[in-house]
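Here the structure comes first, spelled out in structure tokens, and everything after it is commentary.
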Amino acid sequence: MSPLDAPATPRPRAPLRRPERGRLVGGVAAGLAAHLGLRSAVPVRIALVALVPFAGTGLALYLFWWVTVPVADAARDAAAGGPPSLLARVAPRLAGAGAVRRWPVGDLLVGGLLVVCAVLLLQMRDGGGMRSTWLLPAMVLVLGLVLAWSQLDAVQRGRSRGGAPSPVLRLLGGVVLAGVGVLLLVGDVSGRGVEPATLVQSVIASVAVLGGVGLVLAPWWLRLVRELGDERAARARESERADIAAHLHDSVLQTLALIRARADDPTEVARMARAQERELREWLYDDRSVPGTSVAAELRAVVAEVEDTRTGPEGGAVAVDTVVVGDREPDAQTAALLQAAREALVNAVVHGRPPVSLYMEVGPRTVEVFVRDRGEGFDLADIPADRFGVRESILGRVRRRGGTATVQSTPGRGTEVHLCVPVDGAVPEAVADHAPEPAPAAAEPAGAPAPAAVPPTVPQRQEAR
Amino acid sequence: MSQAVPVPVPVPGVVDVVLVDDHHMFRAGVRASLDERVRVVGEAASVDEAVTVVTGLHPAVVLLDVHLPGGDGGGGAEVLRRCTPLLGTTRFLALSVSDAAEDVVAVIRAGARGYVTKAIQGRELTDAVLRVAADDAVFSPRLAGFVLDAFGTAAGDVAIADDELDRLSAREREVMRLIARGYSYREVASELFISIKTVETHVSAVLRKLQLSSRHELTRWAAARRLL
């Protein structure tokens with residue numbers, strides 16, 4: 001049998017690793033086979049078993065490798081080292097999905113041995129057979145160790161799999177088994193079996209000793225844990241810094257290069273500079289919120305979009321001076337408000353004159369938006385009824401949500417659009433169109449400047465029909 | 001140090017200004033954009049230099065960057081703390097690119113009379129300097145937004161008594177909202193049918209509250225953001 005069909009080009013040998021798949025007990029034999037370039041782990045297994053009678057060499061070797069060889073998938077590593085083809089990247093995952101180990105051989109082995117031990121122990125209690133009594137306690141001890149250590153191995157392997165109590169149970173079981181084994185051994189050495197009193201005494205003594213040692217070592221252990229935490233935090237900070245540096249390289253340098261290349265186009269330069277400034281500010285100063293949890297962040301996104309895509313009446317880029325007070329989770333009400341605000345903002349940028357100011361205030365019962373420009377202003381009455389823009393997309397949207405919308409336009413002082421929608425508990429009473437009985441106005445907040453839920457007939461404001 | 005700090009002869013009607021910023025290009029830009037109503041008498045690029053120049057020159061107004069190298073690393077707020085004896089005669093106007101709340105609040109609470117962003121236009125900057133020189137407060141829309149955020153906008157947050165430090169009065173809040181909406185002091189005055197002087201009084205009162213208040217939201221809010 002020639003397991004090595006030596007390929008023309010000497011393939012780099014796979015590193016010695018214990019694979020996660022295709023293992024029987026610890027993966028030593030499978031790993032060795034992969035390392036040696038064998039197709040199957042069977043010859044290695046046979047060799048190891050054959051070595052056992054020689055003073056336990058096979059067992060010792062196996063244990064040595066089990067302890068010292070790290071877990072990894074040599075095949076996957078080799079694939080990753082090779083040319084990065086799609087297949088190479090996808091293949092391990094596919095293989096992993098398919099090759100589910102059907103028989104937990106290691107567990108079965110340990111379980112079977114435990115049963116045998118229990119039977120033998122019972123026999124010994126009854127005074128039957130078995131003269132060399134040190135063997136049995138030793139086996140119990142070793143089995144306990146195997147149980148606990150295999151668990152350590154498994155914990156390392158699948159950290160994400162946590163949550164099941166079985167690892168802890170197994171660890172505890174292993175510790176108890178090992179303890180019982182030690183006690184049996186000690187009892188055996190001291191003479192004739194273990195008396196119950198001695199057993200209790202020795203258990204108490206060992207627990208006391210362990211506790212004492214634990215107390216002595218606790219400070220070191222705590223410090224170790226703390227240092228580990230510190231180190232983790234430092235690494236997180238480091239990676240964040242690297243993130244920012246990479247970001248600076250990526251986008252800021254690129255924008256600067258673009259700006260230099262297009263220095264003769266002031267509009268484009270201003271727009272790029274503004275977009276980059278906005279992005280950088282977001283990076284440096286904003287609390288990067290989880291998407292879908294912040295109305296303020298959504299508003300900023302709307303502003304960014306308008307700034308990037310719209311130009312003012314003279315064709316120049318327009319910066320929107322945005323101030324947001326408060327925040328809340330977005331819902332249907334605020335979504336409608338933001339859409340209306342976007343339309344108002346586009347109007348202000350395209351038809352008005354900079355500076356354009358945007359102010360949003362998120363209150364407990366209402367969310368308000370003010371969009372202001374310094375243009376000539378316009379009279380709503382002049383807008384033909386078929387012009388859908390202002391009437392429908394801004395005012396209608398907000399009113400359908402039970403909110404109010406007013407446009408205040410003064411020649412020379414620009415136009416200000418005020419949008420306000422009720423949120424939370426304030427919604428039902430404000431949607432007066434659908435509610436037959438008028439809600440009592442007593443529940444309205446007494447906040448002086450808020451024309452919030454005041455019915456849409458504010459005298460001094462020009463009211464859009 | 002190389003400057004012998006010659007105290008300039010005051011010119012009537014012109015406000016003396018010291019520029020403190022560690023970016024030479026930015027100082028040059030500000031110097032060029034200020035008009036003839038103000039005169040730049042000195043410049044400084046670090047905390048220690050700023051303290052030396054300001055104490056030597058006693059300018060009417062100091063334009064102070066929030067982030068400065070040197071000293072104990074405290075930036076603009078440290079300059080303010082070390083110049084505390086001068087605060088009666090020299091006014092500080094904070095000028096920064098930073099949007100971060102803790103930067104703004106730190107310099108304001110250390111004694112600055114106002115806060116403007118570096119995007120401000122030349123004429124408005126001169127106006128702001130003159131306003132600070134007249135011992136009024138200068139609030140940008142963003143600072144007004146910070147104030148509203150910190151003092152709360154709910155109905156229960158309105159101060160009843162005038163001397164309450166932890167809450168804004170209804171009028172003060174109205175003024176803050178208008179400033180946050182982009183209104184100038186003049187526009188605020190005509191919107192509320194009050195005089196500009198009254199607007200300035202309200203803004204100064206808010207500034208004082210911002211500096212002295214121990215409102216726990218203010219400190220908690222600043223602390224919470226420092227973590228980010």
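Going by the structure tokens order, chains are called A, B, ..., each with residues numbered from 1, while ligands are numbered from 1 in the order shown.
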Exercise. If we count only C-alpha atoms, what is near A:Phe370 at a cut-off of 7 Å, once residues fewer than 3 positions away on the same chain are taken out, given as a VMD selection string?
Worked result: (chain A and resid 358 to 360 416 to 419) or (chain B and resid 181)
Item to check | Test item, strand (DSSP E or B) assignment across stretch 27-203 of chain B, answer as a VMD selection string | outcome: chain B and resid 38 to 44 61 to 65 91 to 96 114 to 117 138 to 139 158 168
Compile a residue-level contact table for chain B against chain A at a cut-off of 6 Å, reporting for every qualifying residue the shortest atom pair and its distance in Å to one decimal, with only C-alpha atoms counted, rows ordered by chain and ascending number, as a tab-separated table.
residue	atom	partner	partner_atom	distance
B:Ala100	CA	A:Tyr285	CA	5.3
B:Arg142	CA	A:Val323	CA	5.7
B:Gly145	CA	A:Val325	CA	5.8
B:Asp149	CA	A:Val325	CA	5.2
B:Ala155	CA	A:Gly447	CA	5.2
B:Arg181	CA	A:Tyr359	CA	5.2
B:Gly182	CA	A:Ser357	CA	5.5
message = Can you pull out the residues contacting A:Arg399? Cut-off 9 Å, using only C-alpha atoms, and skip same-chain residues under 4 positions away; I want them as a PyMOL selection string.
response = chain A and resi 394-395+403-405+420-421+431
_If you run DSSP on the backbone here, which positions in stretch 31-119 of chain B get alpha helix (DSSP H)? Please write them as a ChimeraX atom specification._
/B:31-33,47-57,75-82,101-109
Write out as a PDB file with N, CA and C atoms, in the first residue's frame which residues come within 9 Å of stretch 196-213 of chain B when counting only C-alpha atoms, dropping same-chain ones fewer than 2 positions away.
ATOM      1  N   VAL B 105     -19.597  72.728  26.646  1.00  0.00           N
ATOM      2  CA  VAL B 105     -19.997  72.973  28.029  1.00  0.00           C
ATOM      3  C   VAL B 105     -18.773  73.270  28.898  1.00  0.00           C
ATOM      4  N   ILE B 108     -17.720  76.918  28.341  1.00  0.00           N
ATOM      5  CA  ILE B 108     -18.737  77.846  28.837  1.00  0.00           C
ATOM      6  C   ILE B 108     -18.718  77.863  30.361  1.00  0.00           C
ATOM      7  N   ARG B 109     -18.644  76.688  30.949  1.00  0.00           N
ATOM      8  CA  ARG B 109     -18.665  76.642  32.412  1.00  0.00           C
ATOM      9  C   ARG B 109     -17.377  77.171  33.008  1.00  0.00           C
ATOM     10  N   ALA B 110     -16.304  77.171  32.224  1.00  0.00           N
ATOM     11  CA  ALA B 110     -15.059  77.762  32.726  1.00  0.00           C
ATOM     12  C   ALA B 110     -15.086  79.280  32.612  1.00  0.00           C
ATOM     13  N   GLY B 111     -16.107  79.841  31.956  1.00  0.00           N
ATOM     14  CA  GLY B 111     -16.228  81.294  31.964  1.00  0.00           C
ATOM     15  C   GLY B 111     -16.297  81.969  30.613  1.00  0.00           C
ATOM     16  N   ARG B 113     -17.866  83.632  27.308  1.00  0.00           N
ATOM     17  CA  ARG B 113     -19.115  84.385  27.170  1.00  0.00           C
ATOM     18  C   ARG B 113     -19.930  83.920  25.974  1.00  0.00           C
ATOM     19  N   GLY B 114     -19.406  82.965  25.249  1.00  0.00           N
ATOM     20  CA  GLY B 114     -20.166  82.528  24.090  1.00  0.00           C
ATOM     21  C   GLY B 114     -19.421  81.459  23.340  1.00  0.00           C
ATOM     22  N   ASP B 135     -20.178  92.690  26.878  1.00  0.00           N
ATOM     23  CA  ASP B 135     -20.568  91.826  27.995  1.00  0.00           C
ATOM     24  C   ASP B 135     -21.884  91.097  27.749  1.00  0.00           C
ATOM     25  N   ASP B 136     -22.244  90.937  26.486  1.00  0.00           N
ATOM     26  CA  ASP B 136     -23.405  90.104  26.189  1.00  0.00           C
ATOM     27  C   ASP B 136     -22.934  88.706  25.827  1.00  0.00           C
ATOM     28  N   ALA B 137     -23.871  87.789  25.815  1.00  0.00           N
ATOM     29  CA  ALA B 137     -23.513  86.407  25.499  1.00  0.00           C
ATOM     30  C   ALA B 137     -23.771  86.134  24.027  1.00  0.00           C
ATOM     31  N   VAL B 138     -22.979  85.263  23.448  1.00  0.00           N
ATOM     32  CA  VAL B 138     -23.163  84.894  22.051  1.00  0.00           C
ATOM     33  C   VAL B 138     -23.510  83.414  21.973  1.00  0.00           C
ATOM     34  N   PHE B 139     -24.699  83.152  21.461  1.00  0.00           N
ATOM     35  CA  PHE B 139     -25.151  81.768  21.341  1.00  0.00           C
ATOM     36  C   PHE B 139     -25.300  81.415  19.871  1.00  0.00           C
ATOM     37  N   VAL B 147     -28.312  73.777  25.069  1.00  0.00           N
ATOM     38  CA  VAL B 147     -28.967  74.282  26.276  1.00  0.00           C
ATOM     39  C   VAL B 147     -30.348  73.657  26.427  1.00  0.00           C
ATOM     40  N   PHE B 151     -31.382  71.418  29.568  1.00  0.00           N
ATOM     41  CA  PHE B 151     -32.366  71.898  30.538  1.00  0.00           C
ATOM     42  C   PHE B 151     -33.739  71.290  30.315  1.00  0.00           C
ATOM     43  N   GLU B 164     -34.115  80.904  39.814  1.00  0.00           N
ATOM     44  CA  GLU B 164     -33.896  79.471  39.737  1.00  0.00           C
ATOM     45  C   GLU B 164     -32.782  79.179  38.742  1.00  0.00           C
ATOM     46  N   LEU B 165     -31.779  78.436  39.183  1.00  0.00           N
ATOM     47  CA  LEU B 165     -30.631  78.198  38.306  1.00  0.00           C
ATOM     48  C   LEU B 165     -30.789  76.937  37.473  1.00  0.00           C
ATOM     49  N   ASP B 166     -31.640  76.035  37.938  1.00  0.00           N
ATOM     50  CA  ASP B 166     -31.662  74.731  37.302  1.00  0.00           C
ATOM     51  C   ASP B 166     -32.703  74.602  36.196  1.00  0.00           C
ATOM     52  N   ARG B 167     -33.503  75.635  36.007  1.00  0.00           N
ATOM     53  CA  ARG B 167     -34.496  75.547  34.939  1.00  0.00           C
ATOM     54  C   ARG B 167     -34.554  76.864  34.182  1.00  0.00           C
ATOM     55  N   LEU B 168     -34.945  76.777  32.924  1.00  0.00           N
ATOM     56  CA  LEU B 168     -35.110  77.992  32.139  1.00  0.00           C
ATOM     57  C   LEU B 168     -36.515  78.529  32.353  1.00  0.00           C
ATOM     58  N   ARG B 171     -39.822  82.299  28.905  1.00  0.00           N
ATOM     59  CA  ARG B 171     -39.325  83.257  27.932  1.00  0.00           C
ATOM     60  C   ARG B 171     -37.926  82.880  27.450  1.00  0.00           C
ATOM     61  N   GLU B 172     -37.098  82.494  28.409  1.00  0.00           N
ATOM     62  CA  GLU B 172     -35.733  82.109  28.039  1.00  0.00           C
ATOM     63  C   GLU B 172     -35.750  80.915  27.085  1.00  0.00           C
ATOM     64  N   ARG B 173     -36.665  80.016  27.357  1.00  0.00           N
ATOM     65  CA  ARG B 173     -36.729  78.848  26.486  1.00  0.00           C
ATOM     66  C   ARG B 173     -37.195  79.234  25.090  1.00  0.00           C
ATOM     67  N   VAL B 175     -36.683  82.066  23.662  1.00  0.00           N
ATOM     68  CA  VAL B 175     -35.551  82.711  22.993  1.00  0.00           C
ATOM     69  C   VAL B 175     -34.572  81.656  22.493  1.00  0.00           C
ATOM     70  N   MET B 176     -34.298  80.667  23.326  1.00  0.00           N
ATOM     71  CA  MET B 176     -33.369  79.604  22.932  1.00  0.00           C
ATOM     72  C   MET B 176     -33.883  78.843  21.715  1.00  0.00           C
ATOM     73  N   TYR B 185     -30.455  87.676  16.829  1.00  0.00           N
ATOM     74  CA  TYR B 185     -31.040  88.365  17.983  1.00  0.00           C
ATOM     75  C   TYR B 185     -32.108  89.362  17.536  1.00  0.00           C
ATOM     76  N   ARG B 186     -31.802  90.048  16.423  1.00  0.00           N
ATOM     77  CA  ARG B 186     -32.758  91.026  15.922  1.00  0.00           C
ATOM     78  C   ARG B 186     -34.063  90.352  15.533  1.00  0.00           C
ATOM     79  N   GLU B 187     -33.947  89.222  14.842  1.00  0.00           N
ATOM     80  CA  GLU B 187     -35.158  88.507  14.414  1.00  0.00           C
ATOM     81  C   GLU B 187     -35.924  87.943  15.612  1.00  0.00           C
ATOM     82  N   VAL B 188     -35.182  87.498  16.603  1.00  0.00           N
ATOM     83  CA  VAL B 188     -35.841  87.017  17.820  1.00  0.00           C
ATOM     84  C   VAL B 188     -36.639  88.153  18.446  1.00  0.00           C
ATOM     85  N   ALA B 189     -36.011  89.320  18.517  1.00  0.00           N
ATOM     86  CA  ALA B 189     -36.672  90.473  19.134  1.00  0.00           C
ATOM     87  C   ALA B 189     -37.967  90.805  18.409  1.00  0.00           C
ATOM     88  N   SER B 190     -37.931  90.827  17.073  1.00  0.00           N
ATOM     89  CA  SER B 190     -39.144  91.231  16.365  1.00  0.00           C
ATOM     90  C   SER B 190     -40.183  90.115  16.399  1.00  0.00           C
ATOM     91  N   ILE B 194     -40.139  92.152  21.484  1.00  0.00           N
ATOM     92  CA  ILE B 194     -39.365  92.708  22.590  1.00  0.00           C
ATOM     93  C   ILE B 194     -38.152  93.404  21.987  1.00  0.00           C
ATOM     94  N   ARG B 215     -27.789  71.565  37.901  1.00  0.00           N
ATOM     95  CA  ARG B 215     -28.824  70.659  37.431  1.00  0.00           C
ATOM     96  C   ARG B 215     -28.199  69.325  37.054  1.00  0.00           C
ATOM     97  N   HIS B 216     -28.754  68.278  37.621  1.00  0.00           N
ATOM     98  CA  HIS B 216     -28.048  67.011  37.453  1.00  0.00           C
ATOM     99  C   HIS B 216     -28.097  66.515  36.025  1.00  0.00           C
ATOM    100  N   LEU B 218     -27.598  68.297  33.514  1.00  0.00           N
ATOM    101  CA  LEU B 218     -26.510  68.968  32.811  1.00  0.00           C
ATOM    102  C   LEU B 218     -25.213  68.195  32.985  1.00  0.00           C
TER     103      LEU B 218
END
### Spatial neighbours of stretch 115-119 of chain B, 7 Å, only C-alpha atoms, chain gap at least 5 places, as a list in words
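Surrounding residues, per the criterion: Leu93, Ala94, Leu95, Ser96, Val97, Val138, Phe139, Ser140 and Leu143 of chain B.
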Exercise. Using only C-alpha atoms, which residues sit within 12 Å of B:Val79 once same-chain residues fewer than 5 positions away are excluded, as an MDAnalysis selection string?
Worked result: chainID B and resid 20:21 44:55 62:74 84:87 92 94 106:107 110:112
